[in-house]
file query_5.cif (mmCIF, C-alpha atoms and all ligand atoms; chains and numbers go by the auth columns)
data_target
loop_
_atom_site.group_PDB
_atom_site.id
_atom_site.type_symbol
_atom_site.label_atom_id
_atom_site.label_comp_id
_atom_site.label_asym_id
_atom_site.label_seq_id
_atom_site.Cartn_x
_atom_site.Cartn_y
_atom_site.Cartn_z
_atom_site.B_iso_or_equiv
_atom_site.auth_seq_id
_atom_site.auth_asym_id
ATOM 1 C CA MET A 1 20.397 -28.063 -9.563 0.00 516 A
ATOM 2 C CA PHE A 2 21.152 -24.365 -10.036 0.00 517 A
ATOM 3 C CA ALA A 3 18.586 -24.118 -12.856 0.00 518 A
ATOM 4 C CA PHE A 4 15.956 -25.699 -10.673 0.00 519 A
ATOM 5 C CA ARG A 5 16.721 -23.274 -7.896 0.00 520 A
ATOM 6 C CA LEU A 6 16.555 -20.334 -10.266 0.00 521 A
ATOM 7 C CA ILE A 7 13.149 -21.434 -11.540 0.00 522 A
ATOM 8 C CA TRP A 8 11.967 -21.830 -7.972 0.00 523 A
ATOM 9 C CA VAL A 9 13.125 -18.313 -7.114 0.00 524 A
ATOM 10 C CA ILE A 10 11.427 -16.830 -10.195 0.00 525 A
ATOM 11 C CA CYS A 11 8.193 -18.650 -9.374 0.00 526 A
ATOM 12 C CA PHE A 12 8.414 -17.375 -5.833 0.00 527 A
ATOM 13 C CA ILE A 13 8.909 -13.775 -6.973 0.00 528 A
ATOM 14 C CA LEU A 14 6.017 -14.030 -9.441 0.00 529 A
ATOM 15 C CA GLU A 15 3.790 -15.448 -6.784 0.00 530 A
ATOM 16 C CA GLU A 16 4.708 -12.696 -4.354 0.00 531 A
ATOM 17 C CA THR A 17 4.088 -10.021 -6.988 0.00 532 A
ATOM 18 C CA HIS A 18 0.732 -11.580 -7.647 0.00 533 A
ATOM 19 C CA GLU A 19 0.009 -11.653 -3.951 0.00 534 A
ATOM 20 C CA TRP A 20 0.327 -7.908 -3.726 0.00 535 A
ATOM 21 C CA GLY A 21 -1.112 -7.053 -7.113 0.00 536 A
ATOM 22 C CA PHE A 22 -4.337 -7.141 -9.004 0.00 537 A
ATOM 23 C CA LYS A 23 -6.736 -10.031 -9.150 0.00 538 A
ATOM 24 C CA ASN A 24 -9.989 -9.918 -11.105 0.00 539 A
ATOM 25 C CA GLY A 25 -9.483 -6.202 -11.580 0.00 540 A
ATOM 26 C CA VAL A 26 -9.407 -5.495 -7.872 0.00 541 A
ATOM 27 C CA LEU A 27 -6.360 -4.393 -5.970 0.00 542 A
ATOM 28 C CA HIS A 28 -5.861 -6.848 -3.179 0.00 543 A
ATOM 29 C CA ASN A 29 -3.757 -5.715 -0.382 0.00 544 A
ATOM 30 C CA SER A 30 -3.236 -6.052 3.295 0.00 545 A
ATOM 31 C CA ILE A 31 -4.895 -3.947 5.906 0.00 546 A
ATOM 32 C CA TRP A 32 -3.731 -0.385 6.239 0.00 547 A
ATOM 33 C CA LEU A 33 -4.099 -0.547 9.954 0.00 548 A
ATOM 34 C CA GLU A 34 -2.562 2.709 10.931 0.00 549 A
ATOM 35 C CA GLN A 35 -0.420 5.362 9.446 0.00 550 A
ATOM 36 C CA ALA A 36 1.361 8.339 10.876 0.00 551 A
ATOM 37 C CA ALA A 37 4.318 10.472 9.851 0.00 552 A
ATOM 38 C CA GLY A 38 4.771 8.443 6.688 0.00 553 A
ATOM 39 C CA VAL A 39 5.018 5.196 8.645 0.00 554 A
ATOM 40 C CA TYR A 40 2.455 2.479 8.272 0.00 555 A
ATOM 41 C CA HIS A 41 1.944 -1.078 9.331 0.00 556 A
ATOM 42 C CA ARG A 42 1.183 -3.901 6.946 0.00 557 A
ATOM 43 C CA GLU A 43 0.357 -7.508 7.404 0.00 558 A
ATOM 44 C CA SER A 44 0.204 -10.184 4.754 0.00 559 A
ATOM 45 C CA ARG A 45 -3.154 -10.885 3.172 0.00 560 A
ATOM 46 C CA LYS A 46 -2.600 -14.391 4.525 0.00 561 A
ATOM 47 C CA GLY A 47 -2.881 -13.006 8.006 0.00 562 A
ATOM 48 C CA LYS A 48 -0.769 -11.876 10.909 0.00 563 A
ATOM 49 C CA TYR A 49 2.929 -12.731 11.095 0.00 564 A
ATOM 50 C CA GLN A 50 3.393 -14.227 7.631 0.00 565 A
ATOM 51 C CA LEU A 51 6.241 -12.175 6.183 0.00 566 A
ATOM 52 C CA THR A 52 9.918 -13.088 6.092 0.00 567 A
ATOM 53 C CA TYR A 53 12.400 -10.204 6.064 0.00 568 A
ATOM 54 C CA LYS A 54 12.765 -10.485 2.295 0.00 569 A
ATOM 55 C CA GLU A 55 9.006 -10.460 1.767 0.00 570 A
ATOM 56 C CA ALA A 56 8.608 -7.547 4.165 0.00 571 A
ATOM 57 C CA LYS A 57 11.052 -5.505 2.107 0.00 572 A
ATOM 58 C CA ALA A 58 9.177 -6.462 -1.081 0.00 573 A
ATOM 59 C CA VAL A 59 5.876 -5.315 0.426 0.00 574 A
ATOM 60 C CA CYS A 60 7.198 -1.824 1.189 0.00 575 A
ATOM 61 C CA LYS A 61 8.934 -1.572 -2.171 0.00 576 A
ATOM 62 C CA PHE A 62 5.815 -2.639 -4.059 0.00 577 A
ATOM 63 C CA GLU A 63 4.098 0.433 -2.676 0.00 578 A
ATOM 64 C CA GLY A 64 6.962 2.770 -3.460 0.00 579 A
ATOM 65 C CA GLY A 65 8.378 2.929 0.041 0.00 580 A
ATOM 66 C CA ASN A 66 11.033 1.344 2.196 0.00 581 A
ATOM 67 C CA LEU A 67 11.280 -0.382 5.528 0.00 582 A
ATOM 68 C CA ALA A 68 10.893 2.190 8.294 0.00 583 A
ATOM 69 C CA SER A 69 13.920 2.982 10.415 0.00 584 A
ATOM 70 C CA TYR A 70 13.821 2.862 14.208 0.00 585 A
ATOM 71 C CA GLU A 71 13.911 6.680 14.269 0.00 586 A
ATOM 72 C CA GLN A 72 10.975 6.964 11.840 0.00 587 A
ATOM 73 C CA LEU A 73 8.959 4.474 13.847 0.00 588 A
ATOM 74 C CA GLU A 74 9.682 6.377 17.061 0.00 589 A
ATOM 75 C CA ALA A 75 8.791 9.720 15.427 0.00 590 A
ATOM 76 C CA ALA A 76 5.452 8.235 14.358 0.00 591 A
ATOM 77 C CA ARG A 77 4.896 6.768 17.807 0.00 592 A
ATOM 78 C CA LYS A 78 5.387 10.172 19.360 0.00 593 A
ATOM 79 C CA ILE A 79 2.358 11.440 17.436 0.00 594 A
ATOM 80 C CA GLY A 80 0.163 8.547 18.397 0.00 595 A
ATOM 81 C CA PHE A 81 1.150 5.617 16.172 0.00 596 A
ATOM 82 C CA HIS A 82 0.154 2.608 18.235 0.00 597 A
ATOM 83 C CA VAL A 83 0.083 -0.888 16.787 0.00 598 A
ATOM 84 C CA CYS A 84 -0.106 -4.110 18.715 0.00 599 A
ATOM 85 C CA ALA A 85 1.727 -6.279 16.199 0.00 600 A
ATOM 86 C CA ALA A 86 5.429 -6.953 15.790 0.00 601 A
ATOM 87 C CA GLY A 87 6.846 -6.132 12.378 0.00 602 A
ATOM 88 C CA TRP A 88 10.102 -5.993 10.521 0.00 603 A
ATOM 89 C CA PHE A 89 11.715 -2.621 10.161 0.00 604 A
ATOM 90 C CA ASP A 90 15.040 -1.398 8.852 0.00 605 A
ATOM 91 C CA LYS A 91 18.188 -3.547 9.271 0.00 606 A
ATOM 92 C CA ALA A 92 16.213 -6.731 10.024 0.00 607 A
ATOM 93 C CA ARG A 93 15.008 -5.398 13.341 0.00 608 A
ATOM 94 C CA VAL A 94 11.618 -6.387 14.744 0.00 609 A
ATOM 95 C CA GLY A 95 9.352 -4.504 17.101 0.00 610 A
ATOM 96 C CA TYR A 96 6.225 -2.415 17.458 0.00 611 A
ATOM 97 C CA PRO A 97 5.200 1.050 18.668 0.00 612 A
ATOM 98 C CA ILE A 98 3.209 1.402 21.875 0.00 613 A
ATOM 99 C CA VAL A 99 1.684 4.688 22.973 0.00 614 A
ATOM 100 C CA LYS A 100 -0.668 3.578 25.685 0.00 615 A
ATOM 101 C CA ALA A 101 0.442 0.986 28.240 0.00 616 A
ATOM 102 C CA GLY A 102 -1.760 -2.088 28.363 0.00 617 A
ATOM 103 C CA THR A 103 -1.552 -5.545 29.851 0.00 618 A
ATOM 104 C CA ASN A 104 -2.383 -7.295 26.584 0.00 619 A
ATOM 105 C CA CYS A 105 0.250 -5.625 24.493 0.00 620 A
ATOM 106 C CA GLY A 106 3.752 -4.321 25.059 0.00 621 A
ATOM 107 C CA PHE A 107 4.230 -5.888 28.494 0.00 622 A
ATOM 108 C CA GLY A 108 2.807 -2.755 30.109 0.00 623 A
ATOM 109 C CA LYS A 109 5.586 -0.647 28.605 0.00 624 A
ATOM 110 C CA VAL A 110 5.389 2.450 26.422 0.00 625 A
ATOM 111 C CA GLY A 111 7.823 3.056 23.556 0.00 626 A
ATOM 112 C CA ILE A 112 9.185 0.892 20.765 0.00 627 A
ATOM 113 C CA ILE A 113 8.927 -2.689 21.993 0.00 628 A
ATOM 114 C CA ASP A 114 12.146 -3.862 20.412 0.00 629 A
ATOM 115 C CA TYR A 115 12.871 -7.527 19.679 0.00 630 A
ATOM 116 C CA GLY A 116 16.252 -6.436 18.335 0.00 631 A
ATOM 117 C CA TYR A 117 18.175 -7.478 15.238 0.00 632 A
ATOM 118 C CA ARG A 118 17.025 -10.883 14.035 0.00 633 A
ATOM 119 C CA LEU A 119 19.676 -13.355 12.979 0.00 634 A
ATOM 120 C CA ASN A 120 17.094 -15.619 11.382 0.00 635 A
ATOM 121 C CA LYS A 121 15.676 -13.661 8.442 0.00 636 A
ATOM 122 C CA SER A 122 13.149 -16.425 7.810 0.00 637 A
ATOM 123 C CA GLU A 123 11.226 -15.584 10.945 0.00 638 A
ATOM 124 C CA LYS A 124 7.774 -14.337 10.062 0.00 639 A
ATOM 125 C CA TRP A 125 6.375 -11.026 11.244 0.00 640 A
ATOM 126 C CA ASP A 126 4.365 -8.093 9.926 0.00 641 A
ATOM 127 C CA VAL A 127 6.148 -5.061 8.525 0.00 642 A
ATOM 128 C CA TYR A 128 6.541 -1.328 9.126 0.00 643 A
ATOM 129 C CA CYS A 129 7.060 0.699 5.965 0.00 644 A
ATOM 130 C CA TYR A 130 7.988 4.326 5.435 0.00 645 A
ATOM 131 C CA ASN A 131 6.576 6.266 2.522 0.00 646 A
ATOM 132 C CA PRO A 132 5.988 9.965 3.139 0.00 647 A
ATOM 133 C CA THR A 133 4.552 10.511 -0.351 0.00 648 A
ATOM 134 C CA ALA A 134 1.927 7.772 -0.175 0.00 649 A
ATOM 135 C CA LYS A 135 -1.528 8.905 -1.163 0.00 650 A
ATOM 136 C CA GLN A 136 -3.320 10.832 1.504 0.00 651 A
ATOM 137 C CA CYS A 137 -6.475 9.048 2.348 0.00 652 A
ATOM 138 C CA GLY A 138 -7.436 7.708 5.698 0.00 653 A
ATOM 139 C CA GLY A 139 -5.568 8.131 8.939 0.00 654 A
ATOM 140 C CA ILE A 140 -6.121 8.217 12.655 0.00 655 A
ATOM 141 C CA LEU A 141 -8.706 10.768 13.701 0.00 656 A
ATOM 142 C CA THR A 142 -8.998 11.822 17.317 0.00 657 A
ATOM 143 C CA GLU A 143 -10.840 15.154 17.053 0.00 658 A
ATOM 144 C CA GLN A 144 -14.275 15.603 18.624 0.00 659 A
ATOM 145 C CA ARG A 145 -15.811 16.432 15.280 0.00 660 A
ATOM 146 C CA ARG A 146 -14.480 16.075 11.789 0.00 661 A
ATOM 147 C CA ILE A 147 -15.387 15.910 8.115 0.00 662 A
ATOM 148 C CA ILE A 148 -14.349 12.767 6.248 0.00 663 A
ATOM 149 C CA GLN A 149 -14.489 12.678 2.482 0.00 664 A
ATOM 150 C CA SER A 150 -13.418 10.472 -0.376 0.00 665 A
ATOM 151 C CA PRO A 151 -9.967 11.276 -1.846 0.00 666 A
ATOM 152 C CA GLY A 152 -10.157 14.265 -4.174 0.00 667 A
ATOM 153 C CA TYR A 153 -13.684 15.284 -3.099 0.00 668 A
ATOM 154 C CA PRO A 154 -15.608 17.206 -4.455 0.00 669 A
ATOM 155 C CA ASP A 155 -14.021 15.799 -7.603 0.00 670 A
ATOM 156 C CA GLU A 156 -14.666 12.190 -8.453 0.00 671 A
ATOM 157 C CA TYR A 157 -12.513 9.690 -6.616 0.00 672 A
ATOM 158 C CA GLU A 158 -9.936 7.726 -8.602 0.00 673 A
ATOM 159 C CA ASP A 159 -9.728 4.026 -9.342 0.00 674 A
ATOM 160 C CA LYS A 160 -7.820 1.683 -7.061 0.00 675 A
ATOM 161 C CA GLN A 161 -8.139 3.570 -3.808 0.00 676 A
ATOM 162 C CA ILE A 162 -7.918 1.926 -0.431 0.00 677 A
ATOM 163 C CA CYS A 163 -8.443 4.212 2.530 0.00 678 A
ATOM 164 C CA TYR A 164 -8.818 3.431 6.207 0.00 679 A
ATOM 165 C CA TRP A 165 -10.008 5.993 8.712 0.00 680 A
ATOM 166 C CA HIS A 166 -9.705 5.017 12.332 0.00 681 A
ATOM 167 C CA ILE A 167 -11.691 7.232 14.659 0.00 682 A
ATOM 168 C CA ARG A 168 -10.713 7.178 18.301 0.00 683 A
ATOM 169 C CA VAL A 169 -12.350 9.592 20.737 0.00 684 A
ATOM 170 C CA GLY A 170 -12.396 9.791 24.534 0.00 685 A
ATOM 171 C CA TYR A 171 -13.466 6.948 26.784 0.00 686 A
ATOM 172 C CA GLY A 172 -17.174 7.162 27.534 0.00 687 A
ATOM 173 C CA GLN A 173 -17.884 8.907 24.239 0.00 688 A
ATOM 174 C CA LYS A 174 -19.714 7.600 21.215 0.00 689 A
ATOM 175 C CA ILE A 175 -19.252 8.497 17.578 0.00 690 A
ATOM 176 C CA VAL A 176 -22.145 9.566 15.378 0.00 691 A
ATOM 177 C CA LEU A 177 -21.609 9.390 11.621 0.00 692 A
ATOM 178 C CA LYS A 178 -23.792 11.737 9.608 0.00 693 A
ATOM 179 C CA PHE A 179 -23.714 11.360 5.851 0.00 694 A
ATOM 180 C CA LEU A 180 -23.815 14.638 3.929 0.00 695 A
ATOM 181 C CA ASP A 181 -23.245 13.502 0.357 0.00 696 A
ATOM 182 C CA PHE A 182 -22.937 10.046 -1.103 0.00 697 A
ATOM 183 C CA ASP A 183 -22.267 8.807 -4.630 0.00 698 A
ATOM 184 C CA VAL A 184 -20.267 5.602 -5.049 0.00 699 A
ATOM 185 C CA GLU A 185 -20.324 3.284 -8.092 0.00 700 A
ATOM 186 C CA ASP A 186 -23.516 1.299 -7.754 0.00 701 A
ATOM 187 C CA ASP A 187 -23.896 -2.457 -8.003 0.00 702 A
ATOM 188 C CA LEU A 188 -26.246 -4.826 -6.223 0.00 703 A
ATOM 189 C CA ALA A 189 -23.860 -6.246 -3.644 0.00 704 A
ATOM 190 C CA CYS A 190 -21.494 -3.260 -3.524 0.00 705 A
ATOM 191 C CA LEU A 191 -18.638 -5.412 -4.784 0.00 706 A
ATOM 192 C CA ALA A 192 -17.011 -2.834 -7.069 0.00 707 A
ATOM 193 C CA ASP A 193 -16.570 0.294 -4.955 0.00 708 A
ATOM 194 C CA TYR A 194 -17.811 0.668 -1.427 0.00 709 A
ATOM 195 C CA LEU A 195 -17.573 2.374 1.918 0.00 710 A
ATOM 196 C CA GLU A 196 -17.623 0.031 4.893 0.00 711 A
ATOM 197 C CA VAL A 197 -18.230 1.012 8.479 0.00 712 A
ATOM 198 C CA TYR A 198 -17.005 -1.009 11.441 0.00 713 A
ATOM 199 C CA ASP A 199 -18.017 -0.479 15.038 0.00 714 A
ATOM 200 C CA SER A 200 -14.488 -1.399 16.027 0.00 715 A
ATOM 201 C CA TYR A 201 -10.873 -0.283 15.811 0.00 716 A
ATOM 202 C CA ASP A 202 -10.212 -2.554 12.825 0.00 717 A
ATOM 203 C CA ASP A 203 -12.065 -4.067 9.898 0.00 718 A
ATOM 204 C CA VAL A 204 -12.046 -7.558 11.355 0.00 719 A
ATOM 205 C CA SER A 205 -14.912 -7.278 13.807 0.00 720 A
ATOM 206 C CA GLY A 206 -17.909 -5.028 14.369 0.00 721 A
ATOM 207 C CA PHE A 207 -19.160 -4.848 10.777 0.00 722 A
ATOM 208 C CA ALA A 208 -21.864 -2.161 10.690 0.00 723 A
ATOM 209 C CA GLY A 209 -22.585 -1.753 7.002 0.00 724 A
ATOM 210 C CA ARG A 210 -21.361 -1.599 3.417 0.00 725 A
ATOM 211 C CA PHE A 211 -22.580 1.214 1.211 0.00 726 A
ATOM 212 C CA CYS A 212 -22.578 2.094 -2.482 0.00 727 A
ATOM 213 C CA GLY A 213 -24.927 3.842 -4.899 0.00 728 A
ATOM 214 C CA ASP A 214 -26.282 7.331 -4.405 0.00 729 A
ATOM 215 C CA GLU A 215 -28.705 6.885 -1.551 0.00 730 A
ATOM 216 C CA LEU A 216 -27.665 8.740 1.585 0.00 731 A
ATOM 217 C CA PRO A 217 -27.062 6.171 4.362 0.00 732 A
ATOM 218 C CA ASN A 218 -28.718 6.749 7.749 0.00 733 A
ATOM 219 C CA ASP A 219 -26.708 8.010 10.697 0.00 734 A
ATOM 220 C CA ILE A 220 -24.589 5.362 12.385 0.00 735 A
ATOM 221 C CA ILE A 221 -23.797 5.484 16.101 0.00 736 A
ATOM 222 C CA SER A 222 -20.917 3.518 17.620 0.00 737 A
ATOM 223 C CA THR A 223 -21.266 1.416 20.744 0.00 738 A
ATOM 224 C CA GLY A 224 -17.805 2.357 22.013 0.00 739 A
ATOM 225 C CA ASN A 225 -15.283 5.128 21.433 0.00 740 A
ATOM 226 C CA VAL A 226 -13.743 3.717 18.265 0.00 741 A
ATOM 227 C CA MET A 227 -14.896 3.262 14.712 0.00 742 A
ATOM 228 C CA THR A 228 -13.271 2.300 11.409 0.00 743 A
ATOM 229 C CA LEU A 229 -14.238 3.384 7.912 0.00 744 A
ATOM 230 C CA LYS A 230 -12.852 1.641 4.858 0.00 745 A
ATOM 231 C CA PHE A 231 -13.213 2.937 1.324 0.00 746 A
ATOM 232 C CA LEU A 232 -12.236 0.824 -1.635 0.00 747 A
ATOM 233 C CA SER A 233 -12.544 1.491 -5.363 0.00 748 A
ATOM 234 C CA ASP A 234 -11.787 -1.050 -8.083 0.00 749 A
ATOM 235 C CA SER A 235 -10.017 -0.480 -11.389 0.00 750 A
ATOM 236 C CA SER A 236 -12.877 1.006 -13.436 0.00 751 A
ATOM 237 C CA VAL A 237 -15.822 3.422 -13.161 0.00 752 A
ATOM 238 C CA THR A 238 -15.667 6.132 -10.552 0.00 753 A
ATOM 239 C CA ALA A 239 -18.332 8.410 -9.104 0.00 754 A
ATOM 240 C CA GLY A 240 -18.807 11.654 -7.220 0.00 755 A
ATOM 241 C CA GLY A 241 -17.600 10.331 -3.885 0.00 756 A
ATOM 242 C CA PHE A 242 -18.806 10.976 -0.378 0.00 757 A
ATOM 243 C CA ARG A 243 -18.671 13.472 2.406 0.00 758 A
ATOM 244 C CA LEU A 244 -19.694 12.773 5.966 0.00 759 A
ATOM 245 C CA GLU A 245 -19.198 14.260 9.367 0.00 760 A
ATOM 246 C CA TYR A 246 -18.657 12.535 12.656 0.00 761 A
ATOM 247 C CA VAL A 247 -19.530 14.143 15.968 0.00 762 A
ATOM 248 C CA THR A 248 -19.059 12.788 19.471 0.00 763 A
ATOM 249 C CA VAL A 249 -21.657 12.447 22.203 0.00 764 A
ATOM 250 C CA ASP A 250 -21.132 11.522 25.830 0.00 765 A
ATOM 251 C CA THR A 251 -22.771 8.303 26.946 0.00 766 A
ATOM 252 C CA PRO A 252 -25.667 8.595 29.454 0.00 767 A
ATOM 253 C CA SER A 253 -23.690 7.208 32.410 0.00 768 A
ATOM 254 C CA SER A 254 -21.226 10.063 32.197 0.00 769 A
ATOM 255 C CA PHE A 255 -23.845 12.605 31.324 0.00 770 A
ATOM 256 C CA GLY A 256 -26.321 12.462 34.184 0.00 771 A
ATOM 257 C CA ASN A 257 -29.926 13.108 33.235 0.00 772 A
ATOM 258 C CA ASN A 258 -29.269 14.393 29.784 0.00 773 A
ATOM 259 C CA SER A 259 -31.366 13.040 26.973 0.00 774 A
ATOM 260 C CA TYR A 260 -28.602 11.383 24.962 0.00 775 A
ATOM 261 C CA SER A 261 -29.376 7.743 24.380 0.00 776 A
HETATM 262 CA CA CA B . -15.222 1.572 -9.550 0.00 801 B
#

call {"tool": "encode", "arguments": {"input": "query_5.cif", "output": "structure tokens", "more": "lines below"}}
Ligand SMILES: [Ca+2]
result
Amino acid sequence: MFAFRLIWVICFILEETHEWGFKNGVLHNSIWLEQAAGVYHRESRKGKYQLTYKEAKAVCKFEGGNLASYEQLEAARKIGFHVCAAGWFDKARVGYPIVKAGTNCGFGKVGIIDYGYRLNKSEKWDVYCYNPTAKQCGGILTEQRRIIQSPGYPDEYEDKQICYWHIRVGYGQKIVLKFLDFDVEDDLACLADYLEVYDSYDDVSGFAGRFCGDELPNDIISTGNVMTLKFLSDSSVTAGGFRLEYVTVDTPSSFGNNSYS
């Protein structure tokens, strides 16, 4: 009976390692939704709320970090870390950081929405990890204008990069992406390395384009005040990378007779 259990545990660990590892030469991983002050949110590749406490710890550890503490989560929240998804953090506690009060998330409250210490460690949630030395690519951008470039630019980017940039500007503003330089490993369907643009605050909805090769993409204008960029490189062949700038424009309704359209 013990031997059977041991085999089961080993199989489980192997499967979990596989889950967060490489498959067909591509690093598969969950969505890097937001990151701030070394804290970031992860969900399972299987979807939202799929991680037990043990799995949550394994996810953070796999990436060289640890479960975030309440204090680290709060420090991140104070600089704008806002995620509408409950996750495990240190000491088997569950909660999520809310910056802006809303009716759909956080019960209209602002702060760490704290579900407290969970007695049942088999409950399934997302996770909040802390890793201040994680690679610097992506992040939450709220400036009116900003340059975004591939990690290491103007040097070639490295293999196995996953970066998410979430742009969030003022209500009533739109975001205009202007590409300045573009060179990403080329293949027909952009399956190896690519930059994806989403007209949304995540990479689930609002797909606006996937780009690779060395042709400069056209400008892209958002419909709302948020946009997400995702850059992914596989485990071989790199290229020069990209550099783009986003600027903000006010929408016509808030801009009178001006010619912005
Ligand atoms: Ca590549």

call {"tool": "resolve_selection", "arguments": {"input": "query_5.cif", "expression": "the PyMOL selection byres (((chain A and resi 674-676) around 7) and not hetatm)", "output": "MDAnalysis selection string"}}
result
chainID A and resid 542 672:673 677:678 747:751 753

call {"tool": "resolve_selection", "arguments": {"input": "query_5.cif", "expression": "the PyMOL selection byres (((chain A and resi 732) around 12) and not hetatm)", "output": "ChimeraX atom specification"}}
result
/A:692-699,710-712,723-731,733-735,757-759

call {"tool": "resolve_selection", "arguments": {"input": "query_5.cif", "expression": "the PyMOL selection byres (((chain A and resi 598) around 7) and not hetatm)", "output": "VMD selection string"}}
result
chain A and resid 596 to 597 599 to 600 611 to 613

call {"tool": "closest_residue", "arguments": {"input": "query_5.cif", "among": "A:Ser737, A:Ser637, A:Ser665, A:Thr766", "to": "A:Tyr564", "atoms": "all atoms listed in the file"}}
result
A:Ser637

call {"tool": "closest_residue", "arguments": {"input": "query_5.cif", "among": "A:Gly579, A:Gly562, A:Gly654, A:Gly602", "to": "A:Lys745", "atoms": "all atoms listed in the file"}}
result
A:Gly654

call {"tool": "atom_distance", "arguments": {"input": "query_5.cif", "atom1": "atom CA of A:Pro666", "atom2": "atom CA of A:Asp708"}}
result
13.2 Å

call {"tool": "residues_around", "arguments": {"input": "query_5.cif", "residues": "A:Tyr679", "least_positions_apart": "6", "cutoff": "7 Å", "atoms": "only C-alpha atoms", "output": "PyMOL selection string"}}
result
chain A and resi 547+653-654+743-746

call {"tool": "residues_around", "arguments": {"input": "query_5.cif", "residues": "stretch 760-764 of chain A", "least_positions_apart": "5", "cutoff": "7 Å", "atoms": "only C-alpha atoms", "output": "list in words"}}
result
Gln659, Arg660, Arg661, Ile662, Ile663, Gln688, Lys689, Ile690, Val691, Leu692, Lys693 and Phe694 of chain A

call {"tool": "closest_residue", "arguments": {"input": "query_5.cif", "among": "A:Cys644, A:Val614, A:Ile627, A:Cys705", "to": "ligand CA 801 (chain B)", "atoms": "all atoms listed in the file"}}
result
A:Cys705

call {"tool": "closest_residue", "arguments": {"input": "query_5.cif", "among": "A:Glu700, A:Tyr716, A:Lys593, A:Gly739", "to": "ligand CA 801 (chain B)", "atoms": "only C-alpha atoms and all ligand atoms"}}
result
A:Glu700

call {"tool": "closest_residue", "arguments": {"input": "query_5.cif", "among": "A:Leu706, A:Val642, A:Ile736, A:Val684", "to": "ligand CA 801 (chain B)", "atoms": "only C-alpha atoms and all ligand atoms"}}
result
A:Leu706

call {"tool": "closest_residue", "arguments": {"input": "query_5.cif", "among": "A:Gly721, A:Tyr713, A:Asn619, A:Asp702", "to": "ligand CA 801 (chain B)", "atoms": "all atoms listed in the file"}}
result
A:Asp702

call {"tool": "residues_around", "arguments": {"input": "query_5.cif", "residues": "A:Ala590", "least_positions_apart": "5", "cutoff": "10 Å", "atoms": "all atoms listed in the file", "output": "CSV table (one decimal) with C-alpha atoms, keeping the file's coordinate frame"}}
result
chain,number,residue,atom,x,y,z
A,551,ALA,CA,1.4,8.3,10.9
A,552,ALA,CA,4.3,10.5,9.9
A,553,GLY,CA,4.8,8.4,6.7
A,554,VAL,CA,5.0,5.2,8.6
A,584,SER,CA,13.9,3.0,10.4
A,585,TYR,CA,13.8,2.9,14.2
A,595,GLY,CA,0.2,8.5,18.4
A,596,PHE,CA,1.2,5.6,16.2
A,612,PRO,CA,5.2,1.0,18.7

call {"tool": "build_atoms", "arguments": {"input": "query_5.cif", "residues": "stretch 620-631 of chain A", "atoms": "N, CA and C atoms", "output": "short mmCIF file (atom, residue, chain, number, x, y, z; two decimals), in the frame of the given file"}}
result
data_model
loop_
_atom_site.label_atom_id
_atom_site.label_comp_id
_atom_site.auth_asym_id
_atom_site.auth_seq_id
_atom_site.Cartn_x
_atom_site.Cartn_y
_atom_site.Cartn_z
N CYS A 620 -0.68 -5.94 25.58
CA CYS A 620 0.25 -5.62 24.49
C CYS A 620 1.39 -4.75 25.00
N GLY A 621 2.61 -5.15 24.70
CA GLY A 621 3.75 -4.32 25.06
C GLY A 621 4.24 -4.51 26.49
N PHE A 622 3.76 -5.55 27.14
CA PHE A 622 4.23 -5.89 28.49
C PHE A 622 4.08 -4.71 29.46
N GLY A 623 3.05 -3.89 29.22
CA GLY A 623 2.81 -2.76 30.11
C GLY A 623 3.75 -1.59 29.89
N LYS A 624 4.62 -1.72 28.87
CA LYS A 624 5.59 -0.65 28.60
C LYS A 624 5.08 0.30 27.53
N VAL A 625 5.68 1.48 27.46
CA VAL A 625 5.39 2.45 26.42
C VAL A 625 6.69 2.71 25.68
N GLY A 626 6.62 2.82 24.35
CA GLY A 626 7.82 3.06 23.56
C GLY A 626 7.87 2.05 22.43
N ILE A 627 9.03 1.93 21.78
CA ILE A 627 9.18 0.89 20.76
C ILE A 627 9.52 -0.41 21.51
N ILE A 628 8.64 -1.38 21.40
CA ILE A 628 8.93 -2.69 21.99
C ILE A 628 9.84 -3.39 20.99
N ASP A 629 11.10 -3.50 21.37
CA ASP A 629 12.15 -3.86 20.41
C ASP A 629 12.62 -5.31 20.61
N TYR A 630 12.40 -6.14 19.61
CA TYR A 630 12.87 -7.53 19.68
C TYR A 630 14.32 -7.62 19.19
N GLY A 631 14.86 -6.48 18.75
CA GLY A 631 16.25 -6.44 18.34
C GLY A 631 16.50 -6.92 16.92
#
